[in-house]
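Below is the file my_file.cif, which contains mmCIF, C-alpha atoms.
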data_run
#
loop_
_atom_site.label_atom_id
_atom_site.label_comp_id
_atom_site.auth_asym_id
_atom_site.auth_seq_id
_atom_site.Cartn_x
_atom_site.Cartn_y
_atom_site.Cartn_z
CA MET G 13 -43.00 15.06 227.56
CA ASP G 14 -41.98 15.62 231.20
CA ASP G 15 -38.27 15.49 230.45
CA ALA G 16 -38.63 16.93 226.97
CA PRO G 17 -35.91 19.44 226.11
CA VAL G 18 -38.51 21.48 224.20
CA THR G 19 -42.03 22.58 225.07
CA VAL G 20 -44.82 23.84 222.80
CA GLU G 21 -47.45 26.27 224.06
CA MET G 22 -50.44 26.77 221.76
CA ASN G 23 -51.94 30.24 222.15
CA GLY G 24 -54.76 30.13 219.59
CA ASP G 25 -55.28 32.34 216.55
CA GLY G 26 -52.31 30.90 214.72
CA LEU G 27 -49.88 31.62 217.51
CA ALA G 28 -47.59 29.22 219.36
CA ARG G 29 -44.50 29.49 221.53
CA LEU G 30 -41.57 27.08 221.51
CA ARG G 31 -39.12 26.90 224.40
CA GLY G 32 -35.95 24.91 224.91
CA GLU G 33 -33.99 22.86 222.40
CA LEU G 34 -35.56 21.42 219.25
CA ASP G 35 -33.75 18.51 217.59
CA LEU G 36 -34.37 15.10 216.00
CA SER G 37 -35.33 13.61 219.38
CA SER G 38 -38.35 15.91 219.66
CA TYR G 39 -39.30 16.02 215.96
CA ASP G 40 -42.35 13.74 216.30
CA ASP G 41 -43.67 15.35 219.48
CA VAL G 42 -43.31 18.90 218.18
CA SER G 43 -44.83 17.95 214.80
CA SER G 44 -47.84 16.49 216.64
CA ALA G 45 -48.17 19.48 218.95
CA LEU G 46 -48.12 21.91 216.02
CA ALA G 47 -50.45 19.80 213.84
CA PRO G 48 -53.52 22.08 214.29
CA LEU G 49 -51.55 24.98 212.82
CA PHE G 50 -51.03 23.12 209.53
CA ASP G 51 -54.75 23.72 208.81
CA ALA G 52 -54.71 27.39 209.80
CA ASP G 53 -56.13 30.01 207.46
CA GLY G 54 -53.74 32.90 207.08
CA ASP G 55 -50.40 33.42 208.73
CA VAL G 56 -48.96 31.48 211.66
CA VAL G 57 -46.60 33.09 214.16
CA LEU G 58 -44.17 30.98 216.19
CA ASP G 59 -42.59 32.82 219.09
CA LEU G 60 -39.03 31.52 219.34
CA ALA G 61 -37.53 33.98 221.83
CA GLU G 62 -36.86 31.15 224.29
CA LEU G 63 -35.84 28.51 221.76
CA THR G 64 -32.11 28.22 222.30
CA PHE G 65 -31.29 25.52 219.76
CA VAL G 66 -32.71 24.16 216.52
CA ASP G 67 -31.23 21.53 214.20
CA SER G 68 -32.12 20.40 210.67
CA SER G 69 -35.08 18.42 212.01
CA GLY G 70 -36.57 21.59 213.47
CA ILE G 71 -35.89 23.42 210.22
CA ARG G 72 -37.78 20.65 208.44
CA ILE G 73 -40.85 21.16 210.64
CA PHE G 74 -40.87 24.88 209.85
CA ILE G 75 -40.53 24.26 206.11
CA ARG G 76 -43.37 21.70 206.15
CA LEU G 77 -45.60 24.10 208.08
CA HIS G 78 -44.82 27.00 205.75
CA THR G 79 -45.49 24.84 202.68
CA ALA G 80 -48.89 23.82 204.10
CA LEU G 81 -49.81 27.44 204.86
CA GLN G 82 -48.76 28.61 201.41
CA GLU G 83 -51.44 26.40 199.85
CA ARG G 84 -54.01 28.80 201.34
CA GLY G 85 -51.99 31.95 200.77
CA GLY G 86 -50.55 32.08 204.29
CA HIS G 87 -47.02 32.41 205.56
CA LEU G 88 -45.00 31.25 208.50
CA ILE G 89 -43.54 33.98 210.69
CA LEU G 90 -40.71 33.03 213.06
CA ARG G 91 -40.64 35.73 215.73
CA GLY G 92 -37.79 36.79 217.94
CA PRO G 93 -35.20 34.06 217.32
CA THR G 94 -31.96 34.27 219.28
CA ALA G 95 -28.86 35.30 217.34
CA ASN G 96 -27.65 31.69 217.09
CA VAL G 97 -31.00 30.38 215.86
CA ALA G 98 -31.44 33.27 213.42
CA ARG G 99 -28.03 32.46 211.93
CA VAL G 100 -29.09 28.83 211.37
CA PHE G 101 -32.26 30.02 209.63
CA ALA G 102 -30.18 32.23 207.33
CA VAL G 103 -27.75 29.42 206.48
CA ALA G 104 -30.66 27.04 205.85
CA GLY G 105 -32.18 29.54 203.42
CA LEU G 106 -35.55 30.00 205.13
CA PRO G 107 -35.96 33.68 204.12
CA GLN G 108 -35.52 32.71 200.45
CA MET G 109 -38.49 30.34 200.85
CA GLY G 110 -40.72 33.17 201.99
CA ILE G 111 -40.56 32.36 205.69
CA ALA G 112 -40.45 35.64 207.60
CA ILE G 113 -37.76 35.92 210.27
CA ASP G 114 -39.09 38.61 212.57
CA GLU G 115 -36.18 39.68 214.75
CA VAL G 116 -37.68 41.56 217.65
CA PRO G 117 -35.15 43.50 219.69
CA ALA G 118 -34.82 42.09 223.21
CA MET Z 30 -7.31 9.70 215.94
CA ILE Z 31 -7.56 12.67 218.25
CA VAL Z 32 -4.54 12.75 220.56
CA ASP Z 33 -5.24 13.43 224.25
CA GLY Z 34 -8.95 13.76 223.61
CA MET Z 35 -11.78 13.09 226.04
CA THR Z 36 -14.18 10.34 224.94
CA ARG Z 37 -17.68 9.64 226.18
CA SER Z 38 -20.01 6.89 224.97
CA PHE Z 39 -23.74 7.54 224.52
CA ASP Z 40 -26.74 5.25 224.10
CA ALA Z 41 -28.08 6.00 220.61
CA GLY Z 42 -31.57 4.96 221.71
CA ASP Z 43 -31.68 7.41 224.61
CA ARG Z 44 -34.32 10.07 224.16
CA THR Z 45 -32.01 12.82 225.32
CA VAL Z 46 -28.86 11.58 223.54
CA LEU Z 47 -28.46 14.65 221.32
CA ALA Z 48 -28.97 17.11 224.18
CA ASP Z 49 -26.56 15.04 226.30
CA VAL Z 50 -23.92 15.21 223.56
CA ARG Z 51 -24.34 18.99 223.37
CA ARG Z 52 -23.79 19.26 227.14
CA PHE Z 53 -20.62 17.17 226.78
CA VAL Z 54 -19.33 19.42 224.00
CA GLY Z 55 -20.05 22.48 226.15
CA GLU Z 56 -18.20 21.01 229.14
CA GLU Z 57 -15.14 20.04 227.14
CA VAL Z 58 -14.82 23.15 224.98
CA GLY Z 59 -14.89 25.43 228.00
CA ALA Z 60 -14.38 29.13 227.38
CA ALA Z 61 -15.47 30.07 223.87
CA SER Z 62 -17.75 32.60 222.25
CA PRO Z 63 -21.45 31.67 222.33
CA ALA Z 64 -21.50 31.55 218.51
CA PHE Z 65 -18.43 29.28 218.34
CA LEU Z 66 -19.87 26.85 220.87
CA HIS Z 67 -23.34 26.89 219.31
CA ASP Z 68 -22.07 26.24 215.80
CA LEU Z 69 -19.88 23.37 216.97
CA GLN Z 70 -22.78 21.90 218.97
CA LEU Z 71 -25.00 22.12 215.90
CA ALA Z 72 -22.45 20.35 213.69
CA VAL Z 73 -21.96 17.61 216.29
CA THR Z 74 -25.74 17.28 216.73
CA GLU Z 75 -26.16 16.75 212.99
CA ALA Z 76 -23.39 14.14 212.92
CA CYS Z 77 -24.96 12.28 215.85
CA ALA Z 78 -28.49 12.61 214.45
CA ASN Z 79 -27.30 10.96 211.22
CA ALA Z 80 -25.90 8.07 213.26
CA VAL Z 81 -29.09 7.75 215.33
CA ARG Z 82 -31.40 7.93 212.36
CA HIS Z 83 -29.55 6.19 209.55
CA SER Z 84 -26.76 3.92 210.75
CA GLY Z 85 -28.49 1.35 212.96
CA THR Z 86 -25.88 1.79 215.69
CA ASP Z 87 -26.56 1.16 219.39
CA ARG Z 88 -23.86 3.48 220.68
CA ILE Z 89 -22.21 6.73 219.68
CA ARG Z 90 -18.73 7.65 220.91
CA VAL Z 91 -17.84 11.33 220.95
CA THR Z 92 -14.23 12.39 221.36
CA ILE Z 93 -13.22 16.01 221.88
CA GLY Z 94 -9.70 17.37 221.71
CA ARG Z 95 -7.65 20.42 220.81
CA ASP Z 96 -5.55 21.20 217.79
CA GLY Z 97 -3.89 24.48 218.69
CA ALA Z 98 -6.65 27.07 218.98
CA CYS Z 99 -9.07 24.78 217.16
CA VAL Z 100 -11.40 22.14 218.58
CA GLU Z 101 -11.61 18.70 217.03
CA VAL Z 102 -14.60 16.44 217.55
CA GLU Z 103 -14.90 12.86 216.37
CA VAL Z 104 -18.28 11.11 216.23
CA ALA Z 105 -17.98 7.36 215.83
CA ASP Z 106 -20.73 4.74 215.57
CA ASP Z 107 -20.90 0.98 214.96
CA GLY Z 108 -23.24 1.25 212.00
CA VAL Z 109 -23.31 1.38 208.23
CA TYR Z 110 -23.36 4.70 206.40
CA SER Z 111 -26.52 4.76 204.31
CA MET Z 112 -26.96 8.40 203.36
CA THR Z 113 -27.07 9.45 199.75
CA LEU Z 114 -25.55 12.68 198.49
CA PRO Z 115 -26.52 15.58 200.75
CA VAL Z 116 -28.74 17.39 198.29
CA PRO Z 117 -31.45 19.32 200.14
CA ALA Z 118 -34.93 18.13 199.18
CA ALA Z 119 -37.85 20.52 198.75
CA ASP Z 120 -39.36 19.52 202.09
CA GLY Z 121 -36.15 20.20 203.94
CA GLN Z 122 -34.76 16.68 204.13
CA HIS Z 123 -30.99 16.24 203.92
CA ARG Z 124 -30.26 19.69 205.31
CA GLY Z 125 -28.38 18.08 208.16
CA MET Z 126 -25.18 17.36 206.24
CA TYR Z 127 -25.30 20.81 204.69
CA LEU Z 128 -25.65 22.50 208.08
CA MET Z 129 -22.98 20.28 209.58
CA THR Z 130 -20.38 21.11 206.96
CA THR Z 131 -21.27 24.82 206.95
CA MET Z 132 -20.83 25.17 210.71
CA VAL Z 133 -17.23 23.90 210.85
CA ASP Z 134 -13.93 24.74 209.16
CA ASP Z 135 -13.19 21.22 207.98
CA PHE Z 136 -14.65 17.74 208.18
CA HIS Z 137 -13.74 14.21 207.23
CA LEU Z 138 -16.07 11.28 206.79
CA THR Z 139 -15.05 7.62 206.94
CA ARG Z 140 -18.08 5.59 205.97
CA GLY Z 141 -18.96 2.37 207.71
CA THR Z 142 -19.78 -0.40 205.23
CA GLU Z 143 -21.42 -3.81 205.50
CA ALA Z 144 -17.94 -5.38 205.52
CA HIS Z 145 -16.42 -2.84 207.92
CA ALA Z 146 -19.11 -1.30 210.13
CA GLY Z 147 -18.47 1.93 211.95
CA THR Z 148 -18.76 5.44 210.53
CA VAL Z 149 -16.42 8.15 211.81
CA VAL Z 150 -17.14 11.84 211.28
CA ARG Z 151 -14.34 14.21 212.25
CA LEU Z 152 -15.07 17.91 212.64
CA LEU Z 153 -12.63 20.78 213.04
CA LYS Z 154 -13.75 24.18 214.27
CA CYS Z 155 -11.40 27.13 214.66
CA PRO Z 156 -12.01 30.55 216.20
CA PRO Z 157 -12.27 33.46 213.76
CA PRO Z 158 -8.87 35.07 213.01
#

Can you present the structure in this file as structure tokens?
Amino acid sequence: MDDAPVTVEMNGDGLARLRGELDLSSYDDVSSALAPLFDADGDVVLDLAELTFVDSSGIRIFIRLHTALQERGGHLILRGPTANVARVFAVAGLPQMGIAIDEVPA
Amino acid sequence: MIVDGMTRSFDAGDRTVLADVRRFVGEEVGAASPAFLHDLQLAVTEACANAVRHSGTDRIRVTIGRDGACVEVEVADDGVYSMTLPVPAADGQHRGMYLMTTMVDDFHLTRGTEAHAGTVVRLLKCPPP
């Protein structure tokens, strides 16, 4: 993933950080990188402060992850999205699915 | 047809095609609010992602032009339009068309068929009044 527009940093304890631009081109790589989190017990936090773009493919990853976590009573928490990304989440209806959008002030 | 537009052709199989298209949109739109540019880039990304994923095309041609204060973008491929109605599925599939249409002021879709290949998606985005 040398030239990948998006990078995934796994920080343990249900925490990961995404940086860059997440779209259809990186769907498979990001899904694979986040795979361990699908089996997490409890909540998972994705730090998105440096994720500048997400399309419907990225939204789909987040919904799949949240659905998997819900089976064990957990939730997905999307922390610190930029204003643009937060607006996409709102339009896509993620809060209504129980995904927490945690907007941390910069 | 977009009059006096700038067209660039992209390899649909290129790993960075969607990011490259977003750069092109950014270059051509020029001065605009970050939200305006982002929302247009998202709509164009979704149109191109549909072409990459569903149409079987080798190339995508993106044309960008102006209509007064508004920006017009045309995404054309050489494929066949195979999407069904854009009803979001429970796992988040089919959100692309929904996001695309929500992010722009108007859109028009000409579907490529087996007899006449080549889908054209035309997007119009205007600044807030």

Q: Evaluate the PyMOL selection byres ((chain Z and resi 153) around 6) on the structure here and hand back the selected residues as a PyMOL selection string.
A: chain Z and resi 100-101+133-135+152+154

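Each of G:Glu21, G:Asp59, G:Glu33, G:Asp51 was compared to Leu77 (chain G) using only C-alpha atoms, and G:Asp51 turns out to be the nearest.
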
Should the cut-off be 9 Å, what would the residue list for chain Z against chain G look like, counting only C-alpha atoms, as an mmCIF file with C-alpha atoms, in the frame of the given file?
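File part.cif, as written:
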data_model
loop_
_atom_site.group_PDB
_atom_site.id
_atom_site.type_symbol
_atom_site.label_atom_id
_atom_site.label_comp_id
_atom_site.auth_asym_id
_atom_site.auth_seq_id
_atom_site.Cartn_x
_atom_site.Cartn_y
_atom_site.Cartn_z
ATOM 1 C CA ASP Z 43 -31.680 7.410 224.610
ATOM 2 C CA ARG Z 44 -34.320 10.070 224.160
ATOM 3 C CA THR Z 45 -32.010 12.820 225.320
ATOM 4 C CA VAL Z 46 -28.860 11.580 223.540
ATOM 5 C CA LEU Z 47 -28.460 14.650 221.320
ATOM 6 C CA ALA Z 48 -28.970 17.110 224.180
ATOM 7 C CA PRO Z 63 -21.450 31.670 222.330
ATOM 8 C CA ALA Z 64 -21.500 31.550 218.510
ATOM 9 C CA HIS Z 67 -23.340 26.890 219.310
ATOM 10 C CA ASP Z 68 -22.070 26.240 215.800
ATOM 11 C CA LEU Z 71 -25.000 22.120 215.900
ATOM 12 C CA ALA Z 72 -22.450 20.350 213.690
ATOM 13 C CA THR Z 74 -25.740 17.280 216.730
ATOM 14 C CA GLU Z 75 -26.160 16.750 212.990
ATOM 15 C CA ALA Z 78 -28.490 12.610 214.450
ATOM 16 C CA ARG Z 82 -31.400 7.930 212.360
ATOM 17 C CA ALA Z 119 -37.850 20.520 198.750
ATOM 18 C CA ASP Z 120 -39.360 19.520 202.090
ATOM 19 C CA GLY Z 121 -36.150 20.200 203.940
ATOM 20 C CA GLN Z 122 -34.760 16.680 204.130
ATOM 21 C CA HIS Z 123 -30.990 16.240 203.920
ATOM 22 C CA ARG Z 124 -30.260 19.690 205.310
ATOM 23 C CA GLY Z 125 -28.380 18.080 208.160
ATOM 24 C CA MET Z 126 -25.180 17.360 206.240
ATOM 25 C CA TYR Z 127 -25.300 20.810 204.690
ATOM 26 C CA LEU Z 128 -25.650 22.500 208.080
ATOM 27 C CA THR Z 131 -21.270 24.820 206.950
#

Q. So what do you get for CA of Gly97 (chain Z) versus CA of Val54 (chain Z), distance-wise?
A.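 Separation of CA of Gly97 (chain Z) and CA of Val54 (chain Z): 17.1 Å.
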
Q | Test item: which residues lie within 12 Å of (-53.2, 26.4, 221.9) counting all atoms listed in the file, as a PyMOL selection string | A | chain G and resi 20-30+45-49+58

Q: Considering all atoms listed in the file, state which residue in the set Z:Arg88, Z:Asp33, Z:Ala98, Z:Arg151 is at the smallest distance from Ala60 (chain Z).
A: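 Of Z:Arg88, Z:Asp33, Z:Ala98, Z:Arg151, the one nearest Ala60 (chain Z) is Z:Ala98, counting all atoms listed in the file.
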
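Using only C-alpha atoms, the smallest distance between any of Z:Arg95, Z:Gly108, Z:Glu143, Z:Val73 and Met129 (chain Z) comes from Z:Val73.
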
**Q.** Selection dump of the PyMOL selection byres ((chain G and resi 85) around 12), as a ChimeraX atom specification
**A.** /G:51-56,78-84,86-88,110

Q: Find the distance between CA of Gly141 (chain Z) and CA of Gly85 (chain Z) and write it in Å to one decimal.
A: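 Between CA of Gly141 (chain Z) and CA of Gly85 (chain Z) the gap is 10.9 Å.
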